[in-house]
Structure formats: structure tokens, C-alpha cells
Amino acid sequence: MFKILYKTLKRFLSPDKRKQLEIISLLGYGYRCKTEEVKPLIIYSLDGKLFTNGLVDRLRGVVNSYAYAKANNLEFRIEHKSPFPLEEFLTPNTCDWILQPFEKSYNLRYASPVCMLDNPNETGESLLKLSKERQYHFYTNSGNLISFINKTKGTSYTIASLYNELFTPSQKLKDEIDKQKKILGDNYISISFRFMQLMGDLVDIHGETLSDAEQKKLTEACITQIERVKEQHPSVDKILVTSDSQKFIDSVSNIPYVYVIPGEIGHIGHMGGDIFMKTFLDFYMIAGAKKVYLGVGNKMYRSNFSHFAAQIQGKPFELIEFKL
């Protein structure tokens with residue numbers, strides 16, 4: 001009935017209202033007259049219908065959604081089912097965010113989605129209109145909500161404090177982290193390089209592929225940045241190098257002071273299998289470094305992965321931009 005009504009009325013709606021109703025229709029919400037017992041909640045929803053971005057987009061959306069719930073004294077849950085259940089790798093710390101099957105409602109009398117995806121101009125002001133008596137399902141990768149909430153609510157939330165209230169590594173992930181720490185130790189820094197499809201060995205969202213000669217030139221330029229970072233930190237034992245290109249990893253793995261974490265490389269929004277563990281392991285080992293760097297050369301992507309990893313542990317971060 002709702003879908004029929006939407007098709008009838010959509011021509012008379014503003015673009016914003018039309019988009020909201022399209023989302024409601026897509027996600028399977030409907031208006032039902034029956035009375036239900038629905039708990040007011042903020043649920044971060046990742047059910048595979050709207051959002052397939054990378055790990056840090058997801059975690060950033062979770063942490064920012066939690067900031068809103070916490071500031072408004074609302075219970076918070078996470079629905080992360082696609083492409084893996086989040087609790088396989090992260091478990092609740094001081095906040096019990098596990099969503100029970102009976103808690104989520106699709107009845108528009110009591111619940112509705114809040115979509116804030118891929119909008120760098122999203123400030124969070126739209127959240128001021130939300131009722132504390134309803135249930136809201138957040139679909140977002142926004143990184144702006146924490147600062148907006150701190151400004152309007154007088155809070156002093158940080159990514160580190162919020163993240164660590166929510167998460168601790170699962171036993172399976174912790175075991176893998178401990179294995180890497182035994183090898184790498186504590187006296188290391190990290191540097192990351194995000195090539196997307198430049199090296200021709202990764203299927204990603206978009207991006208061109210360089211010629212063999214251009215790939216070689218870019219690889220040499222990145223190795224130069226690694227060497228310069230080592231010169232700045234002569235006392236560290238190792239430099240952890242992470243990248244989305246196996247070709248690049250192979251080219252640096254024989255440098256004596258470089259350490260690379262073994263495993264299959266991929267993007268969690270486009271691949272499956274072992275890359276989930278490898279992605280989380282890279283993330284936590286970067287977070288454990290004494291200092292975190294991101295190298296960005298010609299046509300490379302300014303990823304948020306290493307920066308967010310540094311933020312969850314309050315580690316210093318530096319962007320290295322270079323030209324060939």
C-alpha cells in the first residue's frame with residue numbers, strides 16, 4: 001500500500017521528500033495502524049541495501065552515530081550484517097550495542113531511517129528535529145556529527161573515547177594481533193599508500209590503471225618516501241608498510257627495516273573471505289604504531305584509513321604529499 005501511495009504522490013513532492021520516500025520504500029518500511037511496543041533507539045544500520053563502502057567509512061559512521069545517541073541519552077545498537085557480522089571481529093566494550101532480533105521496527109508510526117551518506121556538507125543540524133520518542137535507523141558515513149554535537153551539547157567527545165567505549169577486538173582478532181605484535185614489537189612506525197586501481201592489481205570503486213613504466217616510477221617515488229621517513233626516525237626498529245597493492249607490497253618487502261603483514265589484500269565492499277581479517281589486522285597494527293604516516297603521490301587516493309586508525313589510539317598522524 002505504501003509503495004502504491006508513493007508512486008501516486010511522488011510527482012508532487014520536493015526532491016528531498018522524494019528521495020526520503022524512495023529510501024523508505026527501498027528498505028521495506030510501511031505504515032501500519034496496529035499499536036506496537038517499540039523501544040526508542042538509535043540503530044546504526046548496515047544491512048547491505050544502501051551502503052557498501054570500506055571499513056573506515058563504516059566505523060566512522062558508527063562512532064558518529066553513537067555520539068548522537070550518547071548525547072541524547074538514547075540506547076544505541078549496531079546492525080552490521082553485510083558482508084560480515086561485525087561481532088566476528090569487534091565485540092562490545094562498555095556499551096552493549098548488539099541488536100536483538102525483536103528490537104528493530106519497520107513501522108513508520110514508530111521508526112524511520114535517517115540517511116546521511118557520502119555528503120561532505122552534512123553538518124548534523126537535521127538531527128535537531130528528531131524526536132526522542134521514536135526509533136531511528138542511521139545510514140551514514142559522516143564524520144561531522146561529533147564536532148557538531150560537541151558544539152551544540154557542550155560535550156567533549158573524541159573518536160578515541162567513543163570508539164573504545166564501543167569496541168574491543170574479538171578473541172579471534174586479538175589472537176592475530178598478538179601474533180603480529182610478537183614479531184613486530186612496539187618500537188615501530190607505519191606508513192600507508194592507497195593506489196586504488198593505479199597498479200592494476202585491485203578491483204576498486206573507480207580509477208585508472210597506469211602503464212608499466214608509470215607504475216615503476218610511482219613505486220620508486222613511494223620507496224623514496226619510506227627511506228626519508230626512516231631517516232627521520234633512526235631509532236625505530238621497523239616501519240610497518242600497508243597498501244592496497246600487492247605489487248607494491250612485493251616491491252618493498254625485502255627492505256630490511258620494512259615489515260608487511262601477510263594476507264590477501266582487497267576492499268571489504270567488493271571482496272570477501274580472508275581479506276576481512278587482513279583489513280582489521282592492518283587497522284589495529286597501524287593504530288599501535290608510535291607515529292602514523294600516509295603517503296599520497298600523483299593520482300593516489302587520500303585515504304582516511306590510516307588517519308582513523310591513528311585517531312582511535314590518539315597517535316600522531318602526518319600526511320606526506322609528493323610529486324613525481
# chains A, B, ... in the order shown; residues from 1 in each chain; ligands from 1
>>> residues_around(residues="A:Lys247", least_positions_apart="4", cutoff="9 Å", atoms="only C-alpha atoms", output="compact mmCIF listing (two decimals) with C-alpha atoms, in the first residue's frame")
# COMPACT_ATOMS: atom_id res chain seq x y z
CA MET A 199 48.80 -0.63 -10.10
CA GLY A 200 46.27 -2.78 -11.96
CA ASP A 201 46.03 -5.44 -9.27
CA SER A 251 58.47 -4.41 -4.12
>>> residues_around(residues="A:Leu184", least_positions_apart="4", cutoff="12 Å", atoms="only C-alpha atoms", output="PyMOL selection string")
chain A and resi 177-180+188-190+236-241+257-261+285-286+288-289
>>> select_by_dssp(residues="stretch 216-298 of chain A", states="strand (DSSP E or B)", output="JSON, numbers by chain")
{"A": [238, 239, 240, 241, 242, 243, 258, 259, 292, 293, 294, 295, 296]}
>>> write_last_selection(atoms="N, CA, C and O atoms", output="short mmCIF file (atom, residue, chain, number, x, y, z; two decimals), in the first residue's frame")
data_model
loop_
_atom_site.label_atom_id
_atom_site.label_comp_id
_atom_site.auth_asym_id
_atom_site.auth_seq_id
_atom_site.Cartn_x
_atom_site.Cartn_y
_atom_site.Cartn_z
N LYS A 238 61.36 -0.95 13.14
CA LYS A 238 60.68 -1.33 11.90
C LYS A 238 59.74 -0.22 11.42
O LYS A 238 59.27 0.61 12.21
N ILE A 239 59.47 -0.25 10.13
CA ILE A 239 58.40 0.56 9.55
C ILE A 239 57.36 -0.42 8.99
O ILE A 239 57.67 -1.23 8.11
N LEU A 240 56.17 -0.34 9.54
CA LEU A 240 55.05 -1.14 9.02
C LEU A 240 54.52 -0.46 7.76
O LEU A 240 54.13 0.71 7.80
N VAL A 241 54.54 -1.15 6.64
CA VAL A 241 54.04 -0.61 5.38
C VAL A 241 52.76 -1.34 5.02
O VAL A 241 52.72 -2.57 4.95
N THR A 242 51.69 -0.57 4.81
CA THR A 242 50.42 -1.15 4.37
C THR A 242 50.01 -0.50 3.06
O THR A 242 50.32 0.67 2.81
N SER A 243 49.30 -1.25 2.25
CA SER A 243 48.90 -0.76 0.93
C SER A 243 47.78 -1.63 0.40
O SER A 243 47.56 -2.75 0.85
N VAL A 258 61.62 -2.82 6.77
CA VAL A 258 60.19 -2.77 6.43
C VAL A 258 59.53 -4.07 6.88
O VAL A 258 60.06 -5.17 6.70
N TYR A 259 58.34 -3.93 7.46
CA TYR A 259 57.54 -5.10 7.82
C TYR A 259 56.18 -4.99 7.14
O TYR A 259 55.55 -3.92 7.14
N VAL A 292 51.99 7.58 12.73
CA VAL A 292 51.31 7.06 11.54
C VAL A 292 51.46 8.06 10.40
O VAL A 292 51.19 9.26 10.57
N TYR A 293 51.87 7.56 9.24
CA TYR A 293 52.01 8.39 8.04
C TYR A 293 51.10 7.85 6.93
O TYR A 293 50.82 6.66 6.85
N LEU A 294 50.69 8.76 6.06
CA LEU A 294 50.01 8.40 4.82
C LEU A 294 50.76 9.07 3.68
O LEU A 294 50.95 10.30 3.69
N GLY A 295 51.23 8.28 2.70
CA GLY A 295 51.90 8.83 1.54
C GLY A 295 50.95 8.96 0.37
O GLY A 295 50.26 8.00 0.01
N VAL A 296 50.90 10.15 -0.23
CA VAL A 296 50.00 10.40 -1.35
C VAL A 296 50.77 11.06 -2.48
O VAL A 296 51.21 12.22 -2.37
#
>>> residues_around(residues="A:Thr35", least_positions_apart="5", cutoff="10 Å", atoms="only C-alpha atoms", output="PyMOL selection string")
chain A and resi 107+109-110
>>> select_by_dssp(residues="stretch 81-310 of chain A", states="helix (DSSP H, G or I)", output="count of residues only")
86
>>> residues_around(residues="stretch 125-133 of chain A", least_positions_apart="5", cutoff="9 Å", atoms="only C-alpha atoms", output="ChimeraX atom specification")
/A:39-41,68,72-74,110,114,145,148
>>> closest_atom_pairs(of="stretch 143-208 of chain A", to="stretch 55-60 of chain A", cutoff="10 Å", atoms="only C-alpha atoms", output="Markdown table")
| residue | atom | partner | partner_atom | distance |
| --- | --- | --- | --- | --- |
| A:Gly143 | CA | A:Arg60 | CA | 6.0 |
| A:Asn144 | CA | A:Arg60 | CA | 9.5 |
| A:Leu145 | CA | A:Arg60 | CA | 9.9 |
| A:Ile159 | CA | A:Arg60 | CA | 8.4 |
| A:Tyr163 | CA | A:Leu59 | CA | 8.4 |
>>> residues_around(residues="A:Glu176", least_positions_apart="5", cutoff="9 Å", atoms="only C-alpha atoms", output="ChimeraX atom specification")
/A:171,181,277,281
>>> write_last_selection(atoms="C-alpha atoms", output="mmCIF file, in the first residue's frame")
data_model
loop_
_atom_site.group_PDB
_atom_site.id
_atom_site.type_symbol
_atom_site.label_atom_id
_atom_site.label_comp_id
_atom_site.auth_asym_id
_atom_site.auth_seq_id
_atom_site.Cartn_x
_atom_site.Cartn_y
_atom_site.Cartn_z
ATOM 1 C CA GLN A 171 39.165 -13.115 20.617
ATOM 2 C CA LYS A 181 52.981 -7.890 17.976
ATOM 3 C CA MET A 277 40.691 -10.328 8.850
ATOM 4 C CA LEU A 281 44.592 -6.537 11.336
#
>>> closest_residue(among="A:Tyr106, A:Phe322, A:Phe276, A:Phe317", to="A:Leu26", atoms="only C-alpha atoms")
A:Tyr106
>>> atom_distance(atom1="atom CA of A:Asp186", atom2="atom CA of A:Val62")
28.5 Å
>>> residues_around(residues="A:Phe89", least_positions_apart="5", cutoff="9 Å", atoms="only C-alpha atoms", output="list in words")
Thr168, Pro169, Ser170, Gln171, Lys172, Leu173, Lys174, Phe276, Met277 and Phe280 of chain A
>>> atom_distance(atom1="atom CA of A:Thr140", atom2="atom CA of A:Gly61")
5.2 Å
>>> closest_residue(among="A:Glu208, A:Glu122, A:Asp47, A:Glu103", to="A:Lys299", atoms="only C-alpha atoms")
A:Glu208
>>> closest_residue(among="A:Ile191, A:Phe138, A:Tyr31, A:Ala67", to="A:Ile226", atoms="only C-alpha atoms")
A:Ile191
>>> residues_around(residues="A:His80", least_positions_apart="3", cutoff="8 Å", atoms="only C-alpha atoms", output="number ranges by chain")
A: 44-47, 84-86
>>> write_last_selection(atoms="N, CA and C atoms", output="mmCIF file, in the first residue's frame")
data_model
loop_
_atom_site.group_PDB
_atom_site.id
_atom_site.type_symbol
_atom_site.label_atom_id
_atom_site.label_comp_id
_atom_site.auth_asym_id
_atom_site.auth_seq_id
_atom_site.Cartn_x
_atom_site.Cartn_y
_atom_site.Cartn_z
ATOM 1 N N TYR A 44 22.564 1.981 14.217
ATOM 2 C CA TYR A 44 23.406 2.155 13.032
ATOM 3 C C TYR A 44 23.167 0.945 12.136
ATOM 4 N N SER A 45 22.633 1.194 10.937
ATOM 5 C CA SER A 45 22.197 0.098 10.064
ATOM 6 C C SER A 45 23.130 -0.086 8.880
ATOM 7 N N LEU A 46 23.622 -1.285 8.740
ATOM 8 C CA LEU A 46 24.366 -1.652 7.557
ATOM 9 C C LEU A 46 23.883 -3.037 7.144
ATOM 10 N N ASP A 47 22.794 -3.024 6.380
ATOM 11 C CA ASP A 47 22.144 -4.272 6.003
ATOM 12 C C ASP A 47 22.391 -4.648 4.549
ATOM 13 N N PHE A 84 29.677 -9.096 6.497
ATOM 14 C CA PHE A 84 30.025 -9.986 7.602
ATOM 15 C C PHE A 84 29.386 -9.438 8.867
ATOM 16 N N PRO A 85 29.115 -10.280 9.854
ATOM 17 C CA PRO A 85 28.637 -9.769 11.138
ATOM 18 C C PRO A 85 29.783 -9.084 11.881
ATOM 19 N N LEU A 86 29.582 -7.862 12.317
ATOM 20 C CA LEU A 86 30.659 -7.086 12.917
ATOM 21 C C LEU A 86 31.242 -7.771 14.145
#
